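Pasted below: data03.cif, mmCIF, C-alpha atoms.
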```cif
data_upload
loop_
_atom_site.label_atom_id
_atom_site.label_comp_id
_atom_site.auth_asym_id
_atom_site.auth_seq_id
_atom_site.Cartn_x
_atom_site.Cartn_y
_atom_site.Cartn_z
CA MET Y 1 98.45 112.24 68.36
CA LEU Y 2 98.35 110.80 71.89
CA PRO Y 3 97.68 113.10 74.85
CA THR Y 4 100.45 113.88 77.32
CA ILE Y 5 98.28 113.38 80.42
CA SER Y 6 95.38 111.04 81.15
CA VAL Y 7 93.24 112.34 84.02
CA VAL Y 8 91.16 109.63 85.68
CA ILE Y 9 88.17 110.76 87.76
CA PRO Y 10 85.95 108.20 89.55
CA VAL Y 11 82.43 109.61 89.74
CA TYR Y 12 79.74 108.57 92.20
CA ASN Y 13 76.80 110.77 93.24
CA VAL Y 14 78.69 114.07 93.04
CA GLU Y 15 76.36 116.21 90.94
CA ASN Y 16 76.96 119.19 93.26
CA TYR Y 17 80.74 119.12 92.82
CA LEU Y 18 81.49 117.57 89.43
CA HIS Y 19 81.40 120.80 87.40
CA ARG Y 20 83.96 122.42 89.71
CA CYS Y 21 86.26 119.43 89.33
CA VAL Y 22 86.10 119.01 85.55
CA ASP Y 23 86.19 122.74 84.86
CA SER Y 24 89.40 123.07 86.88
CA ILE Y 25 91.03 120.62 84.44
CA LEU Y 26 89.60 122.28 81.35
CA ASN Y 27 90.97 125.61 82.64
CA GLN Y 28 94.55 124.33 82.96
CA THR Y 29 97.30 126.35 81.31
CA PHE Y 30 98.46 122.96 79.95
CA GLN Y 31 95.87 121.64 77.49
CA ASP Y 32 97.32 118.41 76.07
CA PHE Y 33 95.26 115.93 78.10
CA GLU Y 34 92.38 113.49 78.05
CA ILE Y 35 89.82 113.20 80.84
CA ILE Y 36 88.42 109.78 81.69
CA LEU Y 37 85.23 110.06 83.73
CA VAL Y 38 84.32 106.72 85.31
CA ASP Y 39 80.67 106.86 86.32
CA ASP Y 40 80.59 104.20 89.03
CA GLY Y 41 76.84 103.54 89.04
CA SER Y 42 75.76 107.01 90.16
CA LYS Y 43 72.14 107.35 91.23
CA ASP Y 44 71.95 111.13 90.83
CA ASN Y 45 72.59 113.23 87.70
CA SER Y 46 76.36 112.67 87.72
CA GLY Y 47 76.28 110.24 84.77
CA GLN Y 48 74.28 112.69 82.68
CA ILE Y 49 76.72 115.50 83.52
CA CYS Y 50 79.59 113.27 82.39
CA ASP Y 51 77.89 112.64 79.05
CA GLU Y 52 77.22 116.35 78.55
CA TYR Y 53 80.92 117.11 79.01
CA ALA Y 54 81.88 114.36 76.55
CA GLN Y 55 79.53 115.80 73.92
CA LYS Y 56 81.15 119.22 74.25
CA ASP Y 57 84.81 118.20 74.32
CA LYS Y 58 86.35 115.30 72.35
CA ARG Y 59 89.15 114.99 74.94
CA ILE Y 60 86.63 113.67 77.46
CA LYS Y 61 85.74 109.97 77.62
CA VAL Y 62 83.04 108.42 79.80
CA ILE Y 63 82.76 104.91 81.23
CA HIS Y 64 79.40 103.92 82.72
CA LYS Y 65 79.51 100.86 84.96
CA LYS Y 66 77.83 99.17 87.90
CA ASN Y 67 79.10 100.37 91.23
CA ALA Y 68 82.37 98.59 92.12
CA ARG Y 69 83.99 101.30 94.29
CA VAL Y 70 86.85 103.69 93.68
CA SER Y 71 89.75 101.21 93.29
CA ALA Y 72 88.05 99.39 90.42
CA ALA Y 73 87.02 102.70 88.84
CA ARG Y 74 90.60 103.96 88.87
CA ASN Y 75 91.87 100.69 87.40
CA ASP Y 76 89.32 100.99 84.59
CA GLY Y 77 90.77 104.40 83.83
CA ILE Y 78 94.34 103.11 83.88
CA LYS Y 79 93.48 100.35 81.40
CA ILE Y 80 92.21 102.73 78.69
CA ALA Y 81 94.53 105.67 79.40
CA LYS Y 82 96.54 106.83 76.37
CA GLY Y 83 98.69 109.55 77.95
CA LYS Y 84 102.37 109.43 78.80
CA TYR Y 85 101.47 110.52 82.32
CA LEU Y 86 98.58 109.63 84.59
CA SER Y 87 96.74 111.75 87.15
CA PHE Y 88 93.94 110.85 89.56
CA ILE Y 89 91.49 113.44 90.83
CA ASP Y 90 88.62 112.86 93.22
CA SER Y 91 85.39 114.22 91.81
CA ASP Y 92 84.63 116.56 94.72
CA ASP Y 93 88.12 118.15 94.55
CA TRP Y 94 89.69 120.60 92.11
CA ILE Y 95 93.14 121.75 90.97
CA GLU Y 96 94.92 125.05 90.38
CA PRO Y 97 95.35 126.21 86.74
CA GLU Y 98 99.14 125.79 86.66
CA MET Y 99 99.31 122.30 88.21
CA TYR Y 100 99.82 120.19 85.10
CA GLN Y 101 102.03 122.74 83.32
CA GLU Y 102 104.52 122.78 86.20
CA MET Y 103 104.46 119.03 86.86
CA VAL Y 104 104.79 117.94 83.23
CA TYR Y 105 107.63 120.39 82.62
CA LYS Y 106 109.61 118.96 85.54
CA ALA Y 107 108.74 115.35 84.70
CA GLU Y 108 109.94 115.79 81.12
CA GLU Y 109 113.06 117.70 82.10
CA LEU Y 110 114.22 115.00 84.55
CA ASN Y 111 112.63 111.89 82.99
CA LEU Y 112 110.73 111.14 86.22
CA ASP Y 113 108.82 108.04 87.23
CA PHE Y 114 106.56 110.33 89.23
CA ILE Y 115 106.29 113.80 90.73
CA MET Y 116 104.35 115.08 93.74
CA CYS Y 117 103.06 118.50 94.84
CA ASP Y 118 101.31 119.71 98.01
CA TYR Y 119 97.64 120.42 98.64
CA LYS Y 120 95.17 122.60 100.51
CA LYS Y 121 92.59 120.89 102.68
CA LYS Y 122 89.41 122.91 102.36
CA SER Y 123 85.92 122.96 103.82
CA ASN Y 124 83.23 125.60 103.81
CA ASN Y 125 84.80 127.21 106.86
CA TYR Y 126 88.56 126.90 106.64
CA GLU Y 127 91.66 126.22 104.56
CA ASP Y 128 94.69 124.29 105.77
CA LYS Y 129 97.89 123.94 103.73
CA ARG Y 130 99.40 120.45 103.91
CA THR Y 131 103.00 119.54 103.18
CA GLN Y 132 105.21 116.50 103.80
CA PRO Y 133 108.16 116.28 106.25
CA ILE Y 134 110.68 115.39 103.54
CA ARG Y 135 113.02 117.63 101.57
CA PRO Y 136 112.00 119.20 98.26
CA GLY Y 137 113.59 118.44 94.93
CA TYR Y 138 114.95 115.49 92.99
CA TYR Y 139 115.47 111.96 94.34
CA SER Y 140 117.47 109.29 92.53
CA LYS Y 141 116.95 105.59 93.28
CA GLU Y 142 119.75 105.77 95.82
CA ASP Y 143 118.22 108.88 97.39
CA ILE Y 144 114.87 107.12 97.67
CA LYS Y 145 116.46 104.16 99.45
CA ASN Y 146 118.53 106.32 101.79
CA GLU Y 147 115.97 109.02 102.56
CA LEU Y 148 112.48 107.62 101.98
CA PHE Y 149 112.51 103.87 102.63
CA HIS Y 150 112.34 104.63 106.37
CA CYS Y 151 108.87 106.12 105.79
CA LEU Y 152 107.79 104.09 102.74
CA ILE Y 153 104.82 102.53 104.60
CA MET Y 154 104.57 104.64 107.76
CA PHE Y 155 106.44 107.34 109.62
CA ASP Y 156 107.61 106.34 113.09
CA GLN Y 157 105.28 109.03 114.48
CA VAL Y 158 102.35 106.74 113.48
CA GLU Y 159 101.52 108.78 110.41
CA PHE Y 160 100.98 107.77 106.80
CA PRO Y 161 103.85 108.03 104.27
CA PRO Y 162 104.38 110.99 101.89
CA THR Y 163 102.58 109.18 99.06
CA ILE Y 164 99.32 108.57 100.97
CA SER Y 165 97.45 110.97 98.67
CA ASN Y 166 97.80 109.64 95.13
CA TRP Y 167 95.91 112.60 93.72
CA VAL Y 168 98.82 115.01 94.35
CA CYS Y 169 101.02 112.92 92.05
CA LEU Y 170 101.64 112.67 88.33
CA PHE Y 171 102.78 109.18 87.31
CA ASN Y 172 104.56 107.87 84.26
CA LEU Y 173 102.04 105.37 82.85
CA LYS Y 174 104.68 103.02 81.38
CA PHE Y 175 106.40 102.93 84.77
CA LEU Y 176 103.15 101.83 86.46
CA LYS Y 177 102.42 99.15 83.89
CA ARG Y 178 106.01 97.89 83.75
CA ASN Y 179 105.85 97.24 87.50
CA ASN Y 180 102.25 95.95 87.35
CA ILE Y 181 101.06 98.59 89.80
CA TYR Y 182 97.27 98.78 90.06
CA TYR Y 183 94.80 99.34 92.86
CA ASP Y 184 93.68 96.37 94.96
CA GLU Y 185 90.01 96.19 94.02
CA ASP Y 186 89.02 94.40 97.21
CA ILE Y 187 90.27 97.36 99.29
CA HIS Y 188 87.69 100.09 99.81
CA TYR Y 189 89.34 102.23 102.50
CA CYS Y 190 92.86 103.75 102.44
CA GLU Y 191 93.34 102.27 98.99
CA ASP Y 192 95.92 104.97 98.23
CA SER Y 193 98.27 103.78 100.95
CA ILE Y 194 99.31 100.47 99.36
CA LEU Y 195 99.62 101.89 95.85
CA GLY Y 196 101.71 104.84 97.02
CA SER Y 197 104.12 102.58 98.90
CA LYS Y 198 104.52 100.28 95.89
CA ILE Y 199 105.19 103.22 93.60
CA MET Y 200 107.89 104.71 95.82
CA TYR Y 201 109.47 101.28 96.29
CA HIS Y 202 109.87 100.72 92.53
CA ALA Y 203 110.63 104.31 91.51
CA THR Y 204 114.08 105.15 90.14
CA SER Y 205 113.40 108.90 89.98
CA PHE Y 206 111.06 111.14 91.97
CA TYR Y 207 110.59 114.88 92.45
CA TYR Y 208 108.81 116.70 95.26
CA LEU Y 209 107.37 120.15 94.52
CA LYS Y 210 107.26 121.17 98.17
CA ASN Y 211 105.12 124.22 99.05
CA HIS Y 212 103.44 124.16 95.64
CA TYR Y 213 99.80 123.81 96.72
CA TYR Y 214 98.24 122.87 93.40
CA TYR Y 215 95.57 120.44 94.63
CA ASN Y 216 92.44 121.39 96.56
CA TYR Y 217 91.11 118.59 98.75
CA PHE Y 218 87.51 119.11 99.80
CA TYR Y 219 87.13 117.92 103.39
CA ASN Y 220 83.71 116.40 103.96
CA PRO Y 221 83.15 115.24 107.58
CA ALA Y 222 80.44 112.85 106.32
CA SER Y 223 82.77 111.03 103.92
CA THR Y 224 83.78 107.39 104.44
CA THR Y 225 87.23 108.53 105.50
CA ASN Y 226 85.88 110.51 108.43
CA THR Y 227 83.02 108.42 109.83
CA TYR Y 228 82.72 105.18 111.75
CA ASN Y 229 82.02 102.09 109.68
CA GLU Y 230 82.18 98.61 111.16
CA ASN Y 231 83.54 97.25 107.85
CA LYS Y 232 86.70 99.35 108.10
CA TRP Y 233 88.39 97.02 110.59
CA ASN Y 234 88.26 94.05 108.23
CA ALA Y 235 89.51 96.29 105.42
CA TYR Y 236 92.39 97.47 107.58
CA LEU Y 237 93.35 93.89 108.46
CA LYS Y 238 93.37 93.07 104.75
CA ILE Y 239 95.56 96.08 103.92
CA ASN Y 240 98.09 95.20 106.60
CA GLU Y 241 98.27 91.60 105.43
CA LYS Y 242 98.82 92.71 101.84
CA LEU Y 243 101.60 95.04 103.00
CA ASN Y 244 103.17 92.16 104.89
CA ILE Y 245 103.04 89.90 101.82
CA TYR Y 246 104.49 92.58 99.51
CA PHE Y 247 107.12 94.15 101.79
CA GLY Y 248 107.64 91.64 104.59
CA LYS Y 249 110.57 89.81 102.99
CA THR Y 250 112.27 92.42 100.83
CA ILE Y 251 116.05 92.23 100.58
CA GLU Y 252 116.79 95.96 100.18
CA TYR Y 253 115.25 97.08 103.48
CA ASP Y 254 113.58 95.70 106.60
CA PHE Y 255 110.03 97.11 106.64
CA THR Y 256 108.91 94.99 109.63
CA ARG Y 257 108.59 97.89 112.05
CA GLN Y 258 106.69 100.04 109.54
CA ILE Y 259 104.23 97.20 108.92
CA LYS Y 260 103.67 96.95 112.68
CA ILE Y 261 103.19 100.71 112.97
CA ASN Y 262 100.69 100.52 110.12
CA MET Y 263 98.71 97.94 112.12
CA LEU Y 264 99.02 100.11 115.22
CA TYR Y 265 97.64 103.10 113.30
CA PHE Y 266 94.66 101.09 112.09
CA THR Y 267 94.04 99.82 115.63
CA LEU Y 268 94.16 103.32 117.11
CA ASN Y 269 91.98 104.62 114.29
CA THR Y 270 89.29 101.97 114.66
CA LEU Y 271 89.18 102.17 118.44
CA GLY Y 272 89.10 105.97 118.33
CA GLN Y 273 86.17 106.04 115.93
CA LEU Y 274 84.08 103.83 118.21
CA LYS Y 275 82.90 106.93 120.03
CA TYR Y 276 81.02 107.85 116.83
CA SER Y 277 79.50 104.39 116.41
CA GLY Y 278 76.25 105.01 118.26
CA SER Y 279 76.50 101.65 120.05
CA ASP Y 280 75.68 101.35 123.75
CA GLY Y 281 78.26 100.85 126.50
CA LYS Y 282 78.19 97.05 126.53
CA ASP Y 283 78.45 96.68 122.76
CA ARG Y 284 81.24 99.23 122.66
CA LEU Y 285 83.11 97.39 125.40
CA ASN Y 286 82.77 94.12 123.50
CA ARG Y 287 84.04 95.77 120.33
CA ILE Y 288 87.07 97.20 122.12
CA GLN Y 289 87.86 93.79 123.54
CA GLU Y 290 87.46 92.10 120.16
CA ILE Y 291 89.94 94.49 118.58
CA MET Y 292 92.49 94.45 121.40
CA LEU Y 293 92.50 90.66 121.57
CA HIS Y 294 92.93 90.21 117.82
CA PRO Y 295 96.12 88.25 116.99
CA LYS Y 296 97.30 90.95 114.58
CA VAL Y 297 97.16 93.49 117.41
CA THR Y 298 99.03 91.18 119.77
CA GLU Y 299 101.73 90.69 117.12
CA ILE Y 300 102.46 94.43 117.06
CA PHE Y 301 104.06 94.38 120.49
CA ALA Y 302 106.53 91.51 120.04
CA ASP Y 303 109.98 93.14 120.31
CA PHE Y 304 108.36 96.53 119.76
CA LYS Y 305 109.74 99.86 120.96
CA LEU Y 306 107.11 102.55 121.49
CA PRO Y 307 107.06 105.05 118.61
CA ASN Y 308 108.01 108.71 118.87
CA VAL Y 309 104.58 110.12 119.77
CA SER Y 310 102.96 112.28 122.47
CA TRP Y 311 102.66 110.97 126.03
CA LYS Y 312 98.88 110.70 125.59
CA MET Y 313 99.25 108.43 122.61
CA LYS Y 314 101.92 106.40 124.40
CA VAL Y 315 99.53 105.86 127.32
CA THR Y 316 96.83 104.78 124.89
CA ILE Y 317 99.20 102.39 123.11
CA LEU Y 318 100.09 100.84 126.46
CA LEU Y 319 96.39 100.41 127.25
CA ILE Y 320 96.10 98.45 124.01
CA LYS Y 321 99.29 96.48 124.60
CA PHE Y 322 98.15 95.28 128.02
CA LYS Y 323 94.53 94.90 126.82
CA LEU Y 324 93.07 97.19 129.49
CA VAL Y 325 89.66 97.31 127.85
CA ARG Y 326 87.62 99.02 130.56
CA LEU Y 327 90.31 101.56 131.34
CA TYR Y 328 90.63 102.39 127.63
CA LYS Y 329 86.89 103.02 127.39
CA LEU Y 330 86.99 105.20 130.50
CA LEU Y 331 90.03 107.29 129.56
CA VAL Y 332 89.74 107.53 125.77
CA LEU Y 333 86.12 107.09 124.70
CA ASP Y 334 84.16 108.61 127.57
CA LYS Y 335 83.71 112.21 126.39
CA ARG Y 336 81.81 113.20 129.54
CA ARG Y 337 84.78 112.74 131.86
CA PRO Y 338 87.30 115.58 132.36
CA GLY Y 339 90.85 114.65 131.45
CA THR Y 340 89.82 112.19 128.74
CA LEU Y 341 92.63 111.37 126.29
CA HIS Y 342 91.14 113.17 123.29
CA PHE Y 343 94.19 112.66 121.07
CA THR Y 344 92.05 110.32 118.93
CA ASP Y 345 90.38 113.28 117.21
CA GLU Y 346 93.82 114.57 116.24
CA LEU Y 347 94.78 111.15 114.88
CA LEU Y 348 91.60 110.86 112.82
CA ASN Y 349 92.11 114.33 111.36
CA LYS Y 350 95.60 113.39 110.16
CA GLN Y 351 93.97 111.30 107.48
CA GLN Y 352 94.06 112.96 104.08
#
```
What would you get if you wrote out this structure as C-alpha cells?
Amino acid sequence: MLPTISVVIPVYNVENYLHRCVDSILNQTFQDFEIILVDDGSKDNSGQICDEYAQKDKRIKVIHKKNARVSAARNDGIKIAKGKYLSFIDSDDWIEPEMYQEMVYKAEELNLDFIMCDYKKKSNNYEDKRTQPIRPGYYSKEDIKNELFHCLIMFDQVEFPPTISNWVCLFNLKFLKRNNIYYDEDIHYCEDSILGSKIMYHATSFYYLKNHYYYNYFYNPASTTNTYNENKWNAYLKINEKLNIYFGKTIEYDFTRQIKINMLYFTLNTLGQLKYSGSDGKDRLNRIQEIMLHPKVTEIFADFKLPNVSWKMKVTILLIKFKLVRLYKLLVLDKRRPGTLHFTDELLNKQQ
C-alpha cells in the first residue's frame, strides 16, 4: 500500500540537528508516510545517521550522492516519492506532532492542490511567530487570481510572496508532476521563490491554515541565507531572468511590476550585505558601482512608481536609481556614522 505523504529531507553536514528533525516526523500523530533522506555528499556523520534510521524503520529511504546542492537533492526526492502528497523539510528544522494530521485531513476534505501553514522562527535565544498577510481558508482558482496574483512573485512592499517557504506546504504530487514543477538545479539561493510562484500560478485549489504554527524554522546567522557571498548576485540575476521568461508574457495577469520589484529586492539585498563582505573601501565602492550600473538594475526604473515602503527605503531606492554610489556607501553602509540608513538589516531579516 502506498504512503499518503512523502517527506523529502536534503541532508548535508547536519549531524547535530538531524535526529531532532527526523524524530519530529516519526512522532507525528499521522503515521502513514515515507521519509526520503537525501544525503548530499555529507562530510560528517550525517550519512551514517541516515542509514541507521533506515535500518530501524522500513518507511525511511536513503539516497547517497555527490554534493549537488539542495535543489537537486529535492528533485531526487520528488522523482522517487510514492505518496499522494509531498512535503519538504530542511534537516536543521523540525515540525509539531499534529502538522501532517491537520494538513492531510484538510487536503483530502477539499481535494486541494496544496495547503500551507505558518511557522515559528527559532534560534537559541528567541522565538518569533511568522504569518502571511493574506486571509485564511480556502481559495478556488478564481480566488487565487483575484486575491493572490498581485503577490504571486513579490508583494509591493518589496517582500517575498506567501509561498516563499516551501517547507510550510503540503503538495499534491500528481499536481506537481502534471504541471512539470521541479526545482531549478542551477539555482542555489532563494530556490523556493520560483517554485512557490509556479505552484500558486497553476493551482486550482489552495488552503491557508493561518495562525497554525506547525513548522519550526531554525534560524542560523551563519547560514547561506544570512551571510554575504559574492556568488549570490549572479544567482539572483539568473532567478530574475527565469521569472521573466516564465511569467513575463502571461495572458491572465501582468506580472511586469512584480518581476521588477523582485529585481529591486535582490539589488537591495546584495548591496545591503556588502557591509558584511570584509572588503576594503575601494573594493566595496567598485562593487556598489558594478551592481548599480548593471543593465538589469537600470531596467527596474523604466516607468516605475516607487513601492509602498518606508521613507528610508525610498531614499535608498532613489540612491540606486540615480546611481549615487559614494552617497549610498556613506549613508547606508558606513556603520560608524550616526544617522546611517540601517533599514538593510531589517530587509535581510525578512528572508525566511
(Q) Please return as a PyMOL selection string every residue within 12 Å of (85.2, 101.2, 83.4), taking into account all atoms listed in the file and the file's own coordinates. (A) chain Y and resi 8-11+36-41+61-81
Q) Could you spell out the hits of the PyMOL selection byres ((chain Y and resi 144) around 9) on the shown file, as a ChimeraX atom specification? A) /Y:139-143,145-149,200-201,203-206
Write a file of the selected residues as an mmCIF file, in the coordinates of the input, keeping C-alpha atoms.
```cif
data_model
loop_
_atom_site.group_PDB
_atom_site.id
_atom_site.type_symbol
_atom_site.label_atom_id
_atom_site.label_comp_id
_atom_site.auth_asym_id
_atom_site.auth_seq_id
_atom_site.Cartn_x
_atom_site.Cartn_y
_atom_site.Cartn_z
ATOM 1 C CA TYR Y 139 115.470 111.960 94.340
ATOM 2 C CA SER Y 140 117.470 109.290 92.530
ATOM 3 C CA LYS Y 141 116.950 105.590 93.280
ATOM 4 C CA GLU Y 142 119.750 105.770 95.820
ATOM 5 C CA ASP Y 143 118.220 108.880 97.390
ATOM 6 C CA LYS Y 145 116.460 104.160 99.450
ATOM 7 C CA ASN Y 146 118.530 106.320 101.790
ATOM 8 C CA GLU Y 147 115.970 109.020 102.560
ATOM 9 C CA LEU Y 148 112.480 107.620 101.980
ATOM 10 C CA PHE Y 149 112.510 103.870 102.630
ATOM 11 C CA MET Y 200 107.890 104.710 95.820
ATOM 12 C CA TYR Y 201 109.470 101.280 96.290
ATOM 13 C CA ALA Y 203 110.630 104.310 91.510
ATOM 14 C CA THR Y 204 114.080 105.150 90.140
ATOM 15 C CA SER Y 205 113.400 108.900 89.980
ATOM 16 C CA PHE Y 206 111.060 111.140 91.970
#
```
Q: Can you turn the PyMOL selection byres ((chain Y and resi 154) around 12) into a concrete residue list for this file, as an MDAnalysis selection string?
A: chainID Y and resid 148:153 155:164 193:194 196:197 240 243 255:266 307
Q. So which residues get picked by the PyMOL selection byres ((chain Y and resi 60) around 10) here, written as a PyMOL selection string?
A. chain Y and resi 6-7+22+26+33-37+50-59+61-62
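Note that CA of Lys120 in chain Y and CA of Tyr213 in chain Y are 6.1 Å apart.
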Q. Given the choices Y:Phe30, Y:Tyr276, Y:Tyr183, Y:Tyr236, which gets closest to Met103 in chain Y if the distance is worked out from all atoms listed in the file?
A. Y:Phe30
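Put simply, CA of Asn166 in chain Y is 26.8 Å away from CA of Gln48 in chain Y.
Note that the spacing between CA of Ile89 in chain Y and CA of Asp118 in chain Y amounts to 13.7 Å.
All residues of protein, DNA or RNA that reach within 7 Å of Ser46 in chain Y, judged by all atoms listed in the file and not counting those fewer than 3 positions away in the chain, are Tyr12, Asn13, Val14, Glu15, Ser42, Ile49 and Cys50 of chain Y.
Proximity to Asn172 in chain Y was assessed for Y:Lys43, Y:Lys82, Y:Lys321, Y:Lys314 counting all atoms listed in the file; the smallest distance is recorded for Y:Lys82.
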